[in-house]
Amino acid sequence: MDFLTDKDAEKYHKDGYLVLEGLLSPAECDELRLRMGEIVDRMDVPDHCRIQFSTNHDEQLKEQGNADYFITSGDKIRFFFEKGVFDDKGNFTVPKECSLNKIGHALHAYEPLFKSATHSPKIQGIAKKLGLKSPVILQSMYIFKQPGIGGEVTPHQDATFLHTEPLGRVMGVWIALEDATVDNGCLWFIPGSHNNGITRRMVRNTKDTYPLTDFVGREANHDDELFIPTPVKKGGVVLIHGEVVHKSEPNVSEKSRHVYTFHIMESQKTKWSPENWLQPTEELPFPALYTK
């Protein structure tokens, strides 16, 4: 029996997102979290890496665009922190395991457990059911959404950052390693908003030009009442169309909301924009999802 049914696929295409429970077992979730704990425990953070990750428009330009650390992270495993977790001298103000916003963007390539989860038979089956012929993996992230300080992610479309011609070739796969609730910052979507195109793009500037990235256009204003909360149980997955508008609120709870997420792209008859911040490299071309 297919993990993704015909009815599920129809709902995904209609709404631009889909929740599926039970992609991973609780034990598989715990295994990924344990491995991430080991990575964080061994984390050595150079001073120049102590930048803060933000999704506010202007702060993105300052914190990400000016930082070569971010723009060259597509084929590496790097660390991005929440606001206010360092003092003026660059020392942690919270336990380091509580300091991280996310780790990205190549866990799928270099960490065996995450690679296995990315290429799992269920994931490959989902992609095949959705008609993807030659999907490749663009990037992967582990998102912590720390209790109390896990920041909001403002309304956006993934195609703003991961642009293709034609549009509609990118899908996010968002796996809850803990229960994602309204209190700890689950995703919210505007159903059907993937049919309206995009209004903003993040693009690379020419080499050695600062900021390294810039935004073309502005994010449209979205009616808060249109957003639907999408809680998901530990082990569940949310499929995210590249153009659907989504957000998450701050984590106001005492519980974290750990997630492993990655993006795949149908590469057949698709042009990956050379202006995207993320580019394949000689060390890591975009790997095929389907394994022989």
# chains A, B, ... in the order shown; residues from 1 in each chain; ligands from 1
>>> residues_around(residues="Asp224 of chain A", least_positions_apart="5", cutoff="12 Å", atoms="only C-alpha atoms", output="list in words")
Thr154, Pro155, Trp188, Phe189, Ile190, Pro229, Val245, His246, Lys247, Ser248 and Glu249 of chain A
>>> closest_atom_pairs(of="segment 198-282 of chain A", to="segment 87-102 of chain A", cutoff="10 Å", atoms="only C-alpha atoms", output="tab-separated table")
residue	atom	partner	partner_atom	distance
A:Ser256	CA	A:Cys98	CA	9.1
A:His258	CA	A:Lys102	CA	9.4
A:Val259	CA	A:Lys102	CA	9.3
A:Tyr260	CA	A:Lys102	CA	9.6
>>> write_last_selection(atoms="all heavy atoms", output="compact mmCIF listing (two decimals), in the first residue's frame")
# COMPACT_ATOMS: atom_id res chain seq x y z
N SER A 256 10.76 22.22 23.04
CA SER A 256 11.35 22.49 21.73
C SER A 256 10.49 21.88 20.63
O SER A 256 9.54 21.15 20.89
CB SER A 256 12.77 21.92 21.67
OG SER A 256 12.76 20.53 21.94
N HIS A 258 11.81 20.23 17.39
CA HIS A 258 12.88 19.81 16.47
C HIS A 258 12.28 19.25 15.18
O HIS A 258 11.31 18.48 15.21
CB HIS A 258 13.76 18.76 17.12
CG HIS A 258 14.67 19.30 18.18
ND1 HIS A 258 15.85 18.69 18.52
CD2 HIS A 258 14.58 20.40 18.96
CE1 HIS A 258 16.45 19.39 19.49
NE2 HIS A 258 15.69 20.42 19.77
N VAL A 259 12.90 19.65 14.08
CA VAL A 259 12.44 19.25 12.75
C VAL A 259 13.64 18.94 11.87
O VAL A 259 14.67 19.63 11.94
CB VAL A 259 11.63 20.41 12.10
CG1 VAL A 259 11.44 20.18 10.60
CG2 VAL A 259 10.28 20.57 12.78
N TYR A 260 13.53 17.91 11.06
CA TYR A 260 14.46 17.69 9.96
C TYR A 260 13.71 17.99 8.67
O TYR A 260 12.64 17.42 8.41
CB TYR A 260 15.00 16.26 9.93
CG TYR A 260 15.87 15.99 8.72
CD1 TYR A 260 16.98 16.80 8.45
CD2 TYR A 260 15.58 14.97 7.83
CE1 TYR A 260 17.77 16.59 7.34
CE2 TYR A 260 16.38 14.73 6.72
CZ TYR A 260 17.47 15.55 6.47
OH TYR A 260 18.25 15.34 5.36
>>> select_by_dssp(residues="segment 52-286 of chain A", states="strand (DSSP E or B)", output="PyMOL selection string")
chain A and resi 52+77-81+86+92+100-105+135-143+153-156+164-165+170-176+180+187-189+200-204+213-217+228-230+232+237-241+246-248+259-266+271-272
>>> write_last_selection(atoms="C-alpha atoms", output="CSV table (one decimal), in the first residue's frame")
chain,number,residue,atom,x,y,z
A,52,GLN,CA,22.3,35.4,14.0
A,77,ILE,CA,27.3,21.4,7.8
A,78,ARG,CA,27.2,24.8,9.5
A,79,PHE,CA,25.6,26.4,12.5
A,80,PHE,CA,23.1,29.3,12.7
A,81,PHE,CA,22.0,30.8,16.0
A,86,PHE,CA,25.8,35.6,22.6
A,92,PHE,CA,27.0,32.0,25.1
A,100,LEU,CA,20.9,27.1,17.7
A,101,ASN,CA,18.2,28.2,15.3
A,102,LYS,CA,19.3,25.6,12.7
A,103,ILE,CA,22.1,23.6,11.2
A,104,GLY,CA,22.4,23.4,7.4
A,105,HIS,CA,22.6,22.8,4.6
A,135,PRO,CA,14.1,14.6,-8.4
A,136,VAL,CA,17.3,15.9,-6.8
A,137,ILE,CA,18.0,17.1,-3.2
A,138,LEU,CA,18.7,20.8,-3.0
A,139,GLN,CA,19.5,21.3,0.7
A,140,SER,CA,18.6,20.0,4.2
A,141,MET,CA,18.3,21.6,7.6
A,142,TYR,CA,17.8,20.6,11.2
A,143,ILE,CA,15.6,23.3,12.9
A,153,VAL,CA,9.4,32.7,10.7
A,154,THR,CA,7.5,35.4,8.8
A,155,PRO,CA,5.2,34.6,5.9
A,156,HIS,CA,7.1,33.5,2.9
A,164,THR,CA,13.2,27.6,-10.8
A,165,GLU,CA,12.0,28.0,-14.4
A,170,VAL,CA,10.4,22.5,-5.7
A,171,MET,CA,8.8,20.7,-2.7
A,172,GLY,CA,9.8,21.0,1.0
A,173,VAL,CA,9.7,17.8,3.1
A,174,TRP,CA,9.3,18.9,6.8
A,175,ILE,CA,9.6,16.0,9.3
A,176,ALA,CA,8.5,16.6,12.9
A,180,ALA,CA,4.6,20.4,16.5
A,187,LEU,CA,3.5,25.7,10.6
A,188,TRP,CA,0.6,27.8,9.3
A,189,PHE,CA,-0.5,27.9,5.7
A,200,ARG,CA,9.9,38.5,-4.1
A,201,ARG,CA,13.2,36.8,-4.9
A,202,MET,CA,16.4,36.5,-3.0
A,203,VAL,CA,19.3,36.8,-5.5
A,204,ARG,CA,23.0,36.6,-5.5
A,213,THR,CA,22.5,38.7,-1.6
A,214,ASP,CA,19.7,41.1,-2.2
A,215,PHE,CA,15.9,41.0,-2.5
A,216,VAL,CA,14.0,41.8,-5.7
A,217,GLY,CA,10.4,42.8,-5.0
A,228,ILE,CA,-4.5,27.7,9.0
A,229,PRO,CA,-2.5,26.1,11.8
A,230,THR,CA,-1.0,22.7,10.9
A,232,VAL,CA,1.7,17.4,13.4
A,237,VAL,CA,5.7,14.9,7.7
A,238,VAL,CA,4.4,18.1,6.0
A,239,LEU,CA,4.8,18.4,2.2
A,240,ILE,CA,5.2,22.0,1.2
A,241,HIS,CA,4.8,23.3,-2.4
A,246,HIS,CA,3.5,29.7,5.1
A,247,LYS,CA,4.9,30.9,8.4
A,248,SER,CA,5.5,29.8,12.0
A,259,VAL,CA,12.4,19.3,12.7
A,260,TYR,CA,14.5,17.7,10.0
A,261,THR,CA,13.6,19.3,6.6
A,262,PHE,CA,14.9,19.2,3.1
A,263,HIS,CA,13.9,20.4,-0.4
A,264,ILE,CA,13.7,18.4,-3.5
A,265,MET,CA,13.4,19.6,-7.1
A,266,GLU,CA,12.1,17.9,-10.3
A,271,LYS,CA,16.3,25.4,-15.0
A,272,TRP,CA,17.8,26.1,-11.6
>>> closest_residue(among="A:Ala9, A:Val45, A:Leu18, A:Ala106", to="Ser73 of chain A", atoms="only C-alpha atoms")
A:Ala106
>>> select_by_dssp(residues="segment 104-287 of chain A", states="alpha helix (DSSP H)", output="count of residues only")
20
>>> residues_around(residues="Glu282 of chain A", least_positions_apart="4", cutoff="12 Å", atoms="only C-alpha atoms", output="compact mmCIF listing (two decimals) with N, CA, C and O atoms, in the first residue's frame")
# COMPACT_ATOMS: atom_id res chain seq x y z
N GLY A 74 26.03 25.66 1.39
CA GLY A 74 25.19 24.69 0.68
C GLY A 74 25.77 23.29 0.64
O GLY A 74 25.02 22.31 0.59
N ASP A 75 27.10 23.18 0.66
CA ASP A 75 27.72 21.85 0.61
C ASP A 75 28.46 21.54 1.91
O ASP A 75 29.41 20.76 1.92
N PHE A 286 23.85 18.47 -6.83
CA PHE A 286 22.58 18.09 -6.23
C PHE A 286 22.38 16.58 -6.44
O PHE A 286 22.23 16.11 -7.57
N PRO A 287 22.35 15.78 -5.36
CA PRO A 287 22.24 14.33 -5.54
C PRO A 287 20.84 13.89 -5.92
O PRO A 287 19.84 14.51 -5.52
>>> atom_distance(atom1="atom CA of Gly151 of chain A", atom2="atom CA of Arg169 of chain A")
28.3 Å
>>> residues_around(residues="Arg35 of chain A", least_positions_apart="5", cutoff="10 Å", atoms="only C-alpha atoms", output="short mmCIF file (atom, residue, chain, number, x, y, z; two decimals) with N, CA and C atoms, in the first residue's frame")
data_model
loop_
_atom_site.label_atom_id
_atom_site.label_comp_id
_atom_site.auth_asym_id
_atom_site.auth_seq_id
_atom_site.Cartn_x
_atom_site.Cartn_y
_atom_site.Cartn_z
N ASP A 30 13.93 9.65 17.56
CA ASP A 30 14.87 9.76 18.68
C ASP A 30 16.30 9.53 18.22
N VAL A 40 26.00 18.72 17.98
CA VAL A 40 26.00 19.98 18.73
C VAL A 40 27.02 19.94 19.86
N ASP A 41 27.14 18.79 20.51
CA ASP A 41 28.08 18.66 21.63
C ASP A 41 29.51 18.89 21.18
N GLU A 111 25.82 13.12 6.64
CA GLU A 111 25.45 12.43 7.87
C GLU A 111 24.61 11.19 7.52
N PRO A 112 25.15 10.00 7.74
CA PRO A 112 24.48 8.77 7.27
C PRO A 112 23.03 8.62 7.72
N LEU A 113 22.72 8.93 8.98
CA LEU A 113 21.35 8.76 9.46
C LEU A 113 20.39 9.70 8.73
N PHE A 114 20.83 10.94 8.51
CA PHE A 114 19.98 11.90 7.82
C PHE A 114 19.90 11.57 6.33
#
>>> closest_residue(among="A:Lys233, A:Lys115, A:Lys255, A:His194", to="Leu177 of chain A", atoms="only C-alpha atoms")
A:Lys233
>>> atom_distance(atom1="atom CA of Val244 of chain A", atom2="atom CA of Leu20 of chain A")
17.1 Å
